[in-house]
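Listing of start04.csv, CSV, C-alpha atoms
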chain,number,residue,atom,x,y,z
A,1,MET,CA,34.7,-31.3,4.2
A,2,ASN,CA,37.7,-33.5,3.6
A,3,VAL,CA,36.9,-33.8,-0.1
A,4,THR,CA,36.6,-30.0,-0.4
A,5,VAL,CA,40.0,-29.6,1.4
A,6,CYS,CA,41.6,-32.1,-1.0
A,7,VAL,CA,40.2,-30.3,-4.0
A,8,PHE,CA,41.4,-27.1,-2.6
A,9,ARG,CA,44.9,-28.5,-2.0
A,10,SER,CA,45.2,-29.8,-5.5
A,11,LEU,CA,44.1,-26.3,-6.7
A,12,LEU,CA,46.8,-24.8,-4.5
A,13,ALA,CA,49.4,-27.2,-6.0
A,14,PHE,CA,48.3,-26.1,-9.5
A,15,GLY,CA,48.5,-22.5,-8.3
A,16,ARG,CA,52.1,-23.0,-7.0
A,17,CYS,CA,53.1,-24.3,-10.5
A,18,LYS,CA,51.8,-21.1,-12.0
A,19,ARG,CA,52.9,-18.9,-9.2
A,20,ASN,CA,54.3,-16.1,-11.4
A,21,LEU,CA,51.1,-15.9,-13.4
A,22,LEU,CA,48.9,-16.1,-10.3
A,23,GLN,CA,50.9,-13.3,-8.5
A,24,ILE,CA,50.0,-10.8,-11.2
A,25,ASN,CA,46.6,-12.3,-11.7
A,26,GLY,CA,43.3,-11.1,-10.2
A,27,PHE,CA,42.3,-14.7,-9.5
A,28,ALA,CA,45.1,-15.0,-6.9
A,29,SER,CA,42.9,-13.2,-4.5
A,30,ILE,CA,40.0,-15.5,-5.3
A,31,GLU,CA,42.1,-18.4,-4.3
A,32,LYS,CA,42.9,-16.5,-1.0
A,33,ILE,CA,39.2,-15.9,-0.5
A,34,TRP,CA,38.4,-19.6,-1.1
A,35,TYR,CA,41.1,-20.5,1.4
A,36,ASN,CA,39.5,-18.2,3.9
A,37,ILE,CA,36.1,-19.8,3.4
A,38,VAL,CA,37.1,-23.5,3.4
A,39,CYS,CA,40.3,-24.0,5.4
A,40,THR,CA,40.7,-21.2,8.0
A,41,ARG,CA,39.2,-22.0,11.4
A,42,GLY,CA,38.2,-19.2,13.7
A,43,VAL,CA,38.2,-16.6,11.0
A,44,ASP,CA,37.6,-13.2,12.7
A,45,GLN,CA,34.7,-11.0,11.6
A,46,MET,CA,37.0,-8.6,9.6
A,47,ASP,CA,38.1,-11.5,7.4
A,48,ILE,CA,34.4,-12.5,6.8
A,49,VAL,CA,33.6,-8.9,5.8
A,50,GLN,CA,36.6,-8.9,3.5
A,51,THR,CA,35.5,-12.1,1.9
A,52,PHE,CA,32.2,-10.7,0.9
A,53,VAL,CA,33.6,-7.3,-0.4
A,54,PRO,CA,34.1,-8.6,-4.0
A,55,PHE,CA,30.6,-10.0,-4.2
A,56,ILE,CA,29.1,-6.7,-2.9
A,57,GLU,CA,31.2,-4.8,-5.4
A,58,ILE,CA,30.2,-7.0,-8.2
A,59,GLY,CA,26.5,-6.6,-7.1
A,60,ILE,CA,26.7,-2.8,-7.1
A,61,ILE,CA,28.5,-2.8,-10.5
A,62,ALA,CA,25.8,-5.1,-11.9
A,63,ILE,CA,23.0,-2.9,-10.7
A,64,MET,CA,24.7,0.2,-12.3
A,65,ILE,CA,25.1,-1.7,-15.6
A,66,ASN,CA,21.5,-3.0,-15.5
A,67,TYR,CA,20.3,0.6,-15.0
A,68,LEU,CA,22.3,1.9,-18.0
A,69,LEU,CA,21.2,-1.1,-20.1
A,70,SER,CA,17.5,-0.4,-19.4
A,71,PHE,CA,17.8,2.7,-21.6
A,72,LEU,CA,19.4,0.8,-24.5
A,73,TRP,CA,17.7,-2.6,-24.3
A,74,ASN,CA,15.8,-3.5,-27.5
A,75,THR,CA,17.0,-0.4,-29.3
A,76,LYS,CA,19.2,0.0,-32.4
A,77,SER,CA,22.1,1.1,-30.1
A,78,MET,CA,22.1,-2.4,-28.5
A,79,ASP,CA,24.1,-4.0,-31.4
A,80,LEU,CA,26.8,-1.4,-31.0
A,81,LEU,CA,26.9,-1.8,-27.3
A,82,LEU,CA,27.2,-5.6,-27.6
A,83,GLY,CA,30.2,-5.0,-29.8
A,84,PHE,CA,31.7,-2.8,-27.1
A,85,PHE,CA,31.1,-5.5,-24.6
A,86,ALA,CA,32.7,-8.1,-26.8
A,87,PHE,CA,35.7,-5.8,-27.0
A,88,LEU,CA,35.8,-5.5,-23.2
A,89,LEU,CA,35.6,-9.3,-22.9
A,90,ILE,CA,38.6,-9.8,-25.3
A,91,LEU,CA,40.5,-7.2,-23.2
A,92,ALA,CA,39.7,-9.1,-20.0
A,93,ILE,CA,40.8,-12.4,-21.6
A,94,SER,CA,44.1,-10.8,-22.9
A,95,SER,CA,44.8,-9.6,-19.3
A,96,TRP,CA,44.0,-13.0,-17.8
A,97,LEU,CA,46.1,-14.9,-20.3
A,98,ASN,CA,48.9,-12.4,-19.9
A,99,LEU,CA,49.1,-11.3,-23.6
A,100,PRO,CA,50.9,-7.9,-23.2
A,101,VAL,CA,50.9,-6.8,-26.9
A,102,LEU,CA,47.3,-7.6,-27.6
A,103,ARG,CA,46.4,-5.9,-24.3
A,104,LYS,CA,48.3,-2.8,-25.1
A,105,ILE,CA,46.7,-2.5,-28.6
A,106,LEU,CA,43.2,-3.0,-27.1
A,107,ILE,CA,43.9,-0.4,-24.4
A,108,LEU,CA,45.0,2.1,-27.0
A,109,VAL,CA,42.0,1.4,-29.2
A,110,GLY,CA,39.8,1.4,-26.1
A,111,ASN,CA,40.8,5.0,-25.1
A,112,VAL,CA,39.5,6.3,-28.5
A,113,LEU,CA,36.4,4.0,-28.2
A,114,ALA,CA,35.5,5.4,-24.8
A,115,ILE,CA,35.2,8.9,-26.2
A,116,ALA,CA,33.3,7.5,-29.3
A,117,VAL,CA,30.8,5.7,-27.0
A,118,ILE,CA,30.2,8.9,-25.0
A,119,VAL,CA,29.5,10.8,-28.3
A,120,ILE,CA,27.3,8.1,-29.8
A,121,PHE,CA,25.3,7.5,-26.6
A,122,GLN,CA,25.1,11.1,-25.6
A,123,PRO,CA,21.2,11.3,-25.7
A,124,GLU,CA,20.8,8.0,-23.8
A,125,LEU,CA,23.4,9.0,-21.2
A,126,ARG,CA,21.7,12.4,-20.8
A,127,MET,CA,18.4,10.7,-20.2
A,128,ALA,CA,19.9,8.2,-17.7
A,129,LEU,CA,21.5,11.0,-15.7
A,130,SER,CA,18.4,13.2,-15.7
A,131,LYS,CA,16.3,10.3,-14.5
A,132,LEU,CA,18.8,9.7,-11.7
A,133,SER,CA,17.6,12.8,-10.0
A,134,LEU,CA,14.5,12.3,-7.9
A,135,LYS,CA,13.7,16.0,-7.7
A,136,ASN,CA,13.6,16.3,-11.5
A,137,ARG,CA,11.4,13.2,-11.8
A,138,LYS,CA,8.8,14.5,-9.4
A,139,PHE,CA,8.9,17.9,-11.1
A,140,ARG,CA,8.4,16.3,-14.5
A,141,GLU,CA,5.5,14.1,-13.3
A,142,PHE,CA,3.9,17.1,-11.7
A,143,THR,CA,4.1,19.2,-14.9
A,144,GLU,CA,2.8,16.2,-17.0
A,145,PHE,CA,-0.2,15.8,-14.7
A,146,ASP,CA,-0.7,19.6,-14.7
A,147,LYS,CA,-0.6,19.7,-18.5
A,148,TRP,CA,-3.2,16.9,-18.7
A,149,LEU,CA,-5.4,18.6,-16.0
A,150,ASP,CA,-5.4,21.9,-17.9
A,151,GLN,CA,-6.4,20.2,-21.1
A,152,PHE,CA,-9.1,18.2,-19.4
A,153,ALA,CA,-10.5,21.1,-17.4
A,154,ASN,CA,-10.6,23.4,-20.4
A,155,SER,CA,-12.3,20.7,-22.5
A,156,ILE,CA,-15.0,20.1,-19.8
A,157,TYR,CA,-15.6,23.9,-19.4
A,158,ARG,CA,-15.8,24.4,-23.2
A,159,MET,CA,-18.5,21.7,-23.3
A,160,SER,CA,-20.1,23.4,-20.3
A,161,ASP,CA,-20.2,26.8,-22.1
A,162,LYS,CA,-21.7,25.1,-25.2
A,163,ARG,CA,-24.3,23.3,-23.0
A,164,ILE,CA,-23.1,19.9,-24.2
A,165,GLY,CA,-23.9,17.2,-21.8
A,166,ALA,CA,-20.9,15.0,-20.7
A,167,LEU,CA,-20.2,12.2,-18.2
A,168,VAL,CA,-16.6,11.2,-17.6
A,169,ALA,CA,-15.5,8.6,-15.1
A,170,LEU,CA,-11.8,8.7,-13.9
A,171,GLU,CA,-10.9,5.1,-12.9
A,172,ASN,CA,-9.2,4.7,-9.5
A,173,GLU,CA,-8.2,1.5,-7.7
A,174,ASP,CA,-11.6,-0.2,-8.5
A,175,SER,CA,-11.6,-1.5,-12.0
A,176,LEU,CA,-14.3,-0.2,-14.4
A,177,GLU,CA,-13.5,-3.0,-16.9
A,178,GLU,CA,-16.9,-4.6,-16.6
A,179,TYR,CA,-18.6,-1.4,-17.7
A,180,ALA,CA,-16.0,-0.7,-20.4
A,181,GLN,CA,-16.4,-4.3,-21.9
A,182,LYS,CA,-20.1,-3.7,-22.5
A,183,ALA,CA,-19.5,-0.4,-24.3
A,184,VAL,CA,-17.6,0.9,-27.3
A,185,GLN,CA,-13.9,0.3,-26.9
A,186,VAL,CA,-11.8,3.4,-27.8
A,187,LYS,CA,-8.4,2.9,-26.0
A,188,GLY,CA,-7.1,6.2,-27.4
A,189,GLU,CA,-4.7,8.7,-25.9
A,190,PHE,CA,-6.6,11.5,-24.2
A,191,SER,CA,-7.0,14.7,-26.2
A,192,PRO,CA,-9.5,17.5,-25.6
A,193,GLU,CA,-10.5,17.2,-29.3
A,194,LEU,CA,-11.3,13.5,-28.9
A,195,LEU,CA,-13.3,14.0,-25.7
A,196,GLU,CA,-15.3,16.9,-27.2
A,197,THR,CA,-15.9,14.9,-30.4
A,198,ILE,CA,-17.3,11.9,-28.4
A,199,PHE,CA,-19.8,14.1,-26.6
A,200,SER,CA,-20.8,16.1,-29.7
A,201,PRO,CA,-24.6,15.6,-29.9
A,202,ALA,CA,-24.4,14.6,-33.6
A,203,THR,CA,-22.2,11.5,-32.9
A,204,PRO,CA,-23.5,8.0,-31.9
A,205,LEU,CA,-21.1,7.9,-28.9
A,206,HIS,CA,-22.4,11.0,-27.1
A,207,ASP,CA,-25.0,9.1,-25.1
A,208,GLY,CA,-23.3,7.5,-22.2
A,209,ALA,CA,-20.2,7.9,-20.2
A,210,VAL,CA,-16.5,7.9,-21.1
A,211,ILE,CA,-14.1,6.0,-18.9
A,212,LEU,CA,-10.6,7.4,-18.5
A,213,ARG,CA,-7.8,5.1,-17.3
A,214,ASP,CA,-4.2,6.3,-17.0
A,215,ARG,CA,-4.9,9.3,-19.3
A,216,ILE,CA,-6.3,7.0,-21.9
A,217,ILE,CA,-9.9,7.1,-23.1
A,218,LEU,CA,-10.7,3.4,-22.5
A,219,ALA,CA,-14.4,3.3,-23.6
A,220,ALA,CA,-17.2,5.5,-24.7
A,221,ALA,CA,-21.0,5.3,-24.6
A,222,VAL,CA,-20.7,3.4,-21.4
A,223,ILE,CA,-24.0,2.6,-19.5
A,224,LEU,CA,-23.5,3.2,-15.8
A,225,PRO,CA,-25.7,2.0,-12.9
A,226,LEU,CA,-28.2,4.7,-11.7
A,227,GLY,CA,-28.0,6.2,-8.2
A,228,GLU,CA,-31.1,6.4,-6.1
A,229,ASP,CA,-30.1,8.5,-3.1
A,230,PRO,CA,-32.8,11.1,-2.8
A,231,SER,CA,-30.6,13.3,-0.6
A,232,GLN,CA,-28.1,13.8,-3.3
A,233,LEU,CA,-30.5,14.1,-6.3
A,234,ALA,CA,-32.2,17.4,-7.0
A,235,LYS,CA,-35.3,17.5,-9.2
A,236,SER,CA,-33.3,19.2,-12.0
A,237,MET,CA,-30.9,16.3,-12.2
A,238,GLY,CA,-31.3,14.0,-15.1
A,239,THR,CA,-30.2,10.5,-15.9
A,240,ARG,CA,-26.6,11.6,-16.5
A,241,HIS,CA,-26.3,12.9,-12.9
A,242,ARG,CA,-28.0,9.8,-11.5
A,243,ALA,CA,-25.6,7.6,-13.5
A,244,GLY,CA,-22.6,9.6,-12.2
A,245,LEU,CA,-23.8,9.3,-8.6
A,246,GLY,CA,-24.6,5.6,-9.0
A,247,LEU,CA,-21.0,4.8,-10.2
A,248,SER,CA,-19.4,6.9,-7.5
A,249,HIS,CA,-21.5,5.1,-4.9
A,250,MET,CA,-20.4,1.6,-6.1
A,251,THR,CA,-16.8,2.3,-6.9
A,252,ASP,CA,-14.0,4.7,-5.9
A,253,ALA,CA,-14.1,6.4,-9.3
A,254,LEU,CA,-14.2,10.2,-9.7
A,255,VAL,CA,-17.1,11.1,-11.9
A,256,VAL,CA,-17.4,14.4,-13.7
A,257,VAL,CA,-20.8,15.4,-15.0
A,258,VAL,CA,-21.7,18.4,-17.3
A,259,SER,CA,-25.3,19.2,-17.3
A,260,GLU,CA,-26.9,19.6,-20.7
A,261,GLU,CA,-29.7,21.8,-19.4
A,262,THR,CA,-27.8,24.3,-17.2
A,263,GLY,CA,-24.1,23.7,-18.3
A,264,LYS,CA,-23.1,23.3,-14.7
A,265,VAL,CA,-20.2,21.0,-13.9
A,266,SER,CA,-20.5,18.5,-11.0
A,267,ILE,CA,-18.1,16.1,-9.4
A,268,ALA,CA,-19.3,12.8,-7.8
A,269,ARG,CA,-17.2,10.8,-5.4
A,270,GLU,CA,-18.0,8.2,-2.8
A,271,GLY,CA,-21.7,8.8,-3.3
A,272,ILE,CA,-21.6,12.6,-2.8
A,273,MET,CA,-22.2,15.0,-5.6
A,274,THR,CA,-20.7,18.5,-5.5
A,275,ARG,CA,-22.6,20.8,-8.0
A,276,GLY,CA,-21.9,24.0,-9.9
A,277,ILE,CA,-18.1,23.9,-9.6
A,278,LYS,CA,-16.0,26.7,-11.1
A,279,ILE,CA,-12.9,25.8,-13.1
A,280,ASP,CA,-10.3,26.7,-10.5
A,281,ARG,CA,-12.1,24.6,-7.8
A,282,PHE,CA,-12.5,21.8,-10.3
A,283,LYS,CA,-8.8,21.7,-10.9
A,284,GLY,CA,-8.2,21.8,-7.2
A,285,ILE,CA,-10.5,18.9,-6.5
A,286,ILE,CA,-9.1,16.7,-9.2
A,287,ARG,CA,-5.5,17.6,-8.1
A,288,SER,CA,-6.3,16.7,-4.4
A,289,LEU,CA,-8.3,13.6,-5.2
A,290,ARG,CA,-6.4,12.5,-8.3
A,291,PRO,CA,-6.8,8.9,-9.0
A,292,GLU,CA,-3.8,6.6,-8.7
A,293,SER,CA,-3.9,5.8,-12.5
A,294,LEU,CA,-3.4,9.5,-13.3
A,295,SER,CA,-0.3,9.8,-11.0
A,296,LYS,CA,1.7,7.2,-13.0
B,1,MET,CA,6.8,-11.7,-1.9
B,2,LYS,CA,6.5,-13.6,-5.2
B,3,ASP,CA,6.1,-10.4,-7.1
B,4,ILE,CA,9.3,-8.9,-5.6
B,5,PHE,CA,11.2,-12.2,-6.5
B,6,THR,CA,9.8,-12.0,-10.0
B,7,LYS,CA,10.7,-8.4,-10.3
B,8,ILE,CA,14.3,-8.9,-9.1
B,9,PHE,CA,15.2,-12.1,-10.8
B,10,VAL,CA,12.8,-13.1,-13.6
B,11,GLN,CA,11.8,-9.9,-15.4
B,12,ASN,CA,14.3,-9.0,-18.1
B,13,TRP,CA,16.5,-11.9,-17.0
B,14,GLN,CA,18.7,-11.7,-20.2
B,15,ARG,CA,19.5,-8.1,-19.4
B,16,LYS,CA,20.3,-8.9,-15.7
B,17,LEU,CA,22.4,-11.9,-16.7
B,18,LEU,CA,24.4,-9.8,-19.1
B,19,SER,CA,24.8,-7.1,-16.4
B,20,ILE,CA,26.2,-9.7,-13.9
B,21,VAL,CA,28.6,-11.2,-16.5
B,22,LEU,CA,29.8,-7.7,-17.4
B,23,ALA,CA,30.1,-6.7,-13.7
B,24,ILE,CA,32.3,-9.8,-13.1
B,25,VAL,CA,34.5,-9.1,-16.2
B,26,ILE,CA,34.9,-5.4,-15.2
B,27,TRP,CA,35.6,-6.3,-11.5
B,28,LEU,CA,38.3,-8.8,-12.6
B,29,MET,CA,39.9,-6.4,-15.0
B,30,ILE,CA,40.1,-3.6,-12.5
B,31,HIS,CA,41.2,-5.9,-9.7
B,32,HIS,CA,43.9,-7.2,-12.0
B,33,SER,CA,45.1,-3.7,-12.8
B,34,ILE,CA,45.2,-2.9,-9.0
B,35,SER,CA,47.2,-6.1,-8.3
B,36,VAL,CA,49.7,-5.3,-11.1
B,37,ALA,CA,50.2,-1.8,-9.7
B,38,LYS,CA,50.8,-3.2,-6.2
B,39,ILE,CA,53.5,-5.5,-7.5
B,40,GLU,CA,55.2,-2.9,-9.7
B,41,VAL,CA,55.5,-0.2,-6.9
B,42,PRO,CA,58.2,-1.9,-4.8
Could I get this structure in the form of structure tokens?
Amino acid sequence: MNVTVCVFRSLLAFGRCKRNLLQINGFASIEKIWYNIVCTRGVDQMDIVQTFVPFIEIGIIAIMINYLLSFLWNTKSMDLLLGFFAFLLILAISSWLNLPVLRKILILVGNVLAIAVIVIFQPELRMALSKLSLKNRKFREFTEFDKWLDQFANSIYRMSDKRIGALVALENEDSLEEYAQKAVQVKGEFSPELLETIFSPATPLHDGAVILRDRIILAAAVILPLGEDPSQLAKSMGTRHRAGLGLSHMTDALVVVVSEETGKVSIAREGIMTRGIKIDRFKGIIRSLRPESLSK
Amino acid sequence: MKDIFTKIFVQNWQRKLLSIVLAIVIWLMIHHSISVAKIEVP
């Protein structure tokens, strides 16, 4: 403690020598804060709160800058932004060293630069402000999911109309990686055309299941474990239905089955199969039971 | 707990360091301008 006080006293002596500079300098208050921390005994609570105010302020400013930087990091705009930050740093140094002419020039240039930055980064700023709103974010996610669901449902029911057999597993919290590893890796963005092409009877991939993870077609021609629950399996159900039921029994995946014989669409979840679902109900079930991966 | 620590301090640490440095610079500049205004008023 004594050493600290000595160091502080020497700092104070240094400060007194440069009193004029320190009086108009932002660091004068830091000295005061340091004095509060080290030397004052019986500091009341108000002083303690005042001591931490700069740190809280700096923390909040840092969070705001970090948020804005997240939109520009690793983009071409970053070089320009670093130049702007260098300019800001020179301005701060000129203020600190009390260089009035340089500071005045930088402030005059900075006024123009501020407008230029707003114009240059207009798209990024717009994106940052739109993402700030929670309401808009939820709305956008909802419409994205809805768009995907419409495409997925239409694709499934087009195959149903054409009596093309299909088996699609929507991955939930339980990973389906072990099944995907043994099959043909696709890892392609979901599109109705891709899904229908996979299940087209003329292609080598049509026999087996498709695994969907986070709106990405992870693998095709996947071999799934067969279910053996007689209460859920009708005589008309083939291997495809049994595989769908088996997977839904073993994992928390949502499995969609299109019958090749009847064209009926079924959904299996937690070992229970619901058969002959119409498109509106299909969308309702997927929306209410949507796997976590699709909500991202 | 470890994940939260990693998320807050380790992930994108260069960006976070730059943010903190800039925050300090901005805070000092603004605080300085406030101090100057306070002295000039009387």
Point-to-point distance in Å for CA of Phe9 (chain B) and CA of Val53 (chain A):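 Here the two named atoms are 21.7 Å from each other.
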Atom pair CA of Met64 (chain A) / CA of Ser35 (chain B): separation (Å):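 For CA of Met64 (chain A) relative to CA of Ser35 (chain B), the distance reads 23.7 Å.
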Neighbours of chain A in chain B at 8 Å, counting all atoms listed in the file, as JSON, numbers by chain: {"B": [15, 16, 19, 20, 22, 23, 24, 25, 26, 27, 28, 29, 31, 32, 35, 36, 39]}
May I have the residues within 12 Å of Asp161 (chain A) as a tab-separated table (two decimals) with C-alpha atoms, keeping the file's coordinate frame, using only C-alpha atoms and disregarding those fewer than 5 positions away in the same chain?
chain	number	residue	atom	x	y	z
A	154	ASN	CA	-10.60	23.40	-20.40
A	155	SER	CA	-12.30	20.70	-22.50
A	156	ILE	CA	-15.00	20.10	-19.80
A	166	ALA	CA	-20.90	15.00	-20.70
A	258	VAL	CA	-21.70	18.40	-17.30
A	259	SER	CA	-25.30	19.20	-17.30
A	260	GLU	CA	-26.90	19.60	-20.70
A	261	GLU	CA	-29.70	21.80	-19.40
A	262	THR	CA	-27.80	24.30	-17.20
A	263	GLY	CA	-24.10	23.70	-18.30
A	264	LYS	CA	-23.10	23.30	-14.70
A	265	VAL	CA	-20.20	21.00	-13.90
A	278	LYS	CA	-16.00	26.70	-11.10
A	279	ILE	CA	-12.90	25.80	-13.10
Between CA of His206 (chain A) and CA of Ala220 (chain A) - distance in Å to one decimal: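 Going from CA of Ala220 (chain A) over to CA of His206 (chain A), I get 7.9 Å.
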Near-Gly244 (chain A) list (12 Å; only C-alpha atoms; drop same-chain fewer than 4 positions) as a ChimeraX atom specification: /A:166-170,208-211,222-229,232-233,237-240,248-259,265-275
Store the residues picked out above in a file with C-alpha atoms, as a PDB file, in the coordinates of the input.
ATOM      1  CA  ALA A 166     -20.900  15.000 -20.700  1.00  0.00           C
ATOM      2  CA  LEU A 167     -20.200  12.200 -18.200  1.00  0.00           C
ATOM      3  CA  VAL A 168     -16.600  11.200 -17.600  1.00  0.00           C
ATOM      4  CA  ALA A 169     -15.500   8.600 -15.100  1.00  0.00           C
ATOM      5  CA  LEU A 170     -11.800   8.700 -13.900  1.00  0.00           C
ATOM      6  CA  GLY A 208     -23.300   7.500 -22.200  1.00  0.00           C
ATOM      7  CA  ALA A 209     -20.200   7.900 -20.200  1.00  0.00           C
ATOM      8  CA  VAL A 210     -16.500   7.900 -21.100  1.00  0.00           C
ATOM      9  CA  ILE A 211     -14.100   6.000 -18.900  1.00  0.00           C
ATOM     10  CA  VAL A 222     -20.700   3.400 -21.400  1.00  0.00           C
ATOM     11  CA  ILE A 223     -24.000   2.600 -19.500  1.00  0.00           C
ATOM     12  CA  LEU A 224     -23.500   3.200 -15.800  1.00  0.00           C
ATOM     13  CA  PRO A 225     -25.700   2.000 -12.900  1.00  0.00           C
ATOM     14  CA  LEU A 226     -28.200   4.700 -11.700  1.00  0.00           C
ATOM     15  CA  GLY A 227     -28.000   6.200  -8.200  1.00  0.00           C
ATOM     16  CA  GLU A 228     -31.100   6.400  -6.100  1.00  0.00           C
ATOM     17  CA  ASP A 229     -30.100   8.500  -3.100  1.00  0.00           C
ATOM     18  CA  GLN A 232     -28.100  13.800  -3.300  1.00  0.00           C
ATOM     19  CA  LEU A 233     -30.500  14.100  -6.300  1.00  0.00           C
ATOM     20  CA  MET A 237     -30.900  16.300 -12.200  1.00  0.00           C
ATOM     21  CA  GLY A 238     -31.300  14.000 -15.100  1.00  0.00           C
ATOM     22  CA  THR A 239     -30.200  10.500 -15.900  1.00  0.00           C
ATOM     23  CA  ARG A 240     -26.600  11.600 -16.500  1.00  0.00           C
ATOM     24  CA  SER A 248     -19.400   6.900  -7.500  1.00  0.00           C
ATOM     25  CA  HIS A 249     -21.500   5.100  -4.900  1.00  0.00           C
ATOM     26  CA  MET A 250     -20.400   1.600  -6.100  1.00  0.00           C
ATOM     27  CA  THR A 251     -16.800   2.300  -6.900  1.00  0.00           C
ATOM     28  CA  ASP A 252     -14.000   4.700  -5.900  1.00  0.00           C
ATOM     29  CA  ALA A 253     -14.100   6.400  -9.300  1.00  0.00           C
ATOM     30  CA  LEU A 254     -14.200  10.200  -9.700  1.00  0.00           C
ATOM     31  CA  VAL A 255     -17.100  11.100 -11.900  1.00  0.00           C
ATOM     32  CA  VAL A 256     -17.400  14.400 -13.700  1.00  0.00           C
ATOM     33  CA  VAL A 257     -20.800  15.400 -15.000  1.00  0.00           C
ATOM     34  CA  VAL A 258     -21.700  18.400 -17.300  1.00  0.00           C
ATOM     35  CA  SER A 259     -25.300  19.200 -17.300  1.00  0.00           C
ATOM     36  CA  VAL A 265     -20.200  21.000 -13.900  1.00  0.00           C
ATOM     37  CA  SER A 266     -20.500  18.500 -11.000  1.00  0.00           C
ATOM     38  CA  ILE A 267     -18.100  16.100  -9.400  1.00  0.00           C
ATOM     39  CA  ALA A 268     -19.300  12.800  -7.800  1.00  0.00           C
ATOM     40  CA  ARG A 269     -17.200  10.800  -5.400  1.00  0.00           C
ATOM     41  CA  GLU A 270     -18.000   8.200  -2.800  1.00  0.00           C
ATOM     42  CA  GLY A 271     -21.700   8.800  -3.300  1.00  0.00           C
ATOM     43  CA  ILE A 272     -21.600  12.600  -2.800  1.00  0.00           C
ATOM     44  CA  MET A 273     -22.200  15.000  -5.600  1.00  0.00           C
ATOM     45  CA  THR A 274     -20.700  18.500  -5.500  1.00  0.00           C
ATOM     46  CA  ARG A 275     -22.600  20.800  -8.000  1.00  0.00           C
TER      47      ARG A 275
END
Nearest to Gln14 (chain B), chosen from A:Phe84, A:Asn74, A:Ile198, A:Leu113, with all atoms listed in the file counted in the distances: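 Among A:Phe84, A:Asn74, A:Ile198, A:Leu113, it is A:Asn74 that comes nearest to Gln14 (chain B).
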As AutoDock Vina command-line options: centre and edge lengths in Å, one decimal, of the axis-aligned box holding region 242-252 of chain A with 4 Å per side:
--center_x -21.0 --center_y 5.7 --center_z -9.2 --size_x 22.0 --size_y 16.2 --size_z 16.6
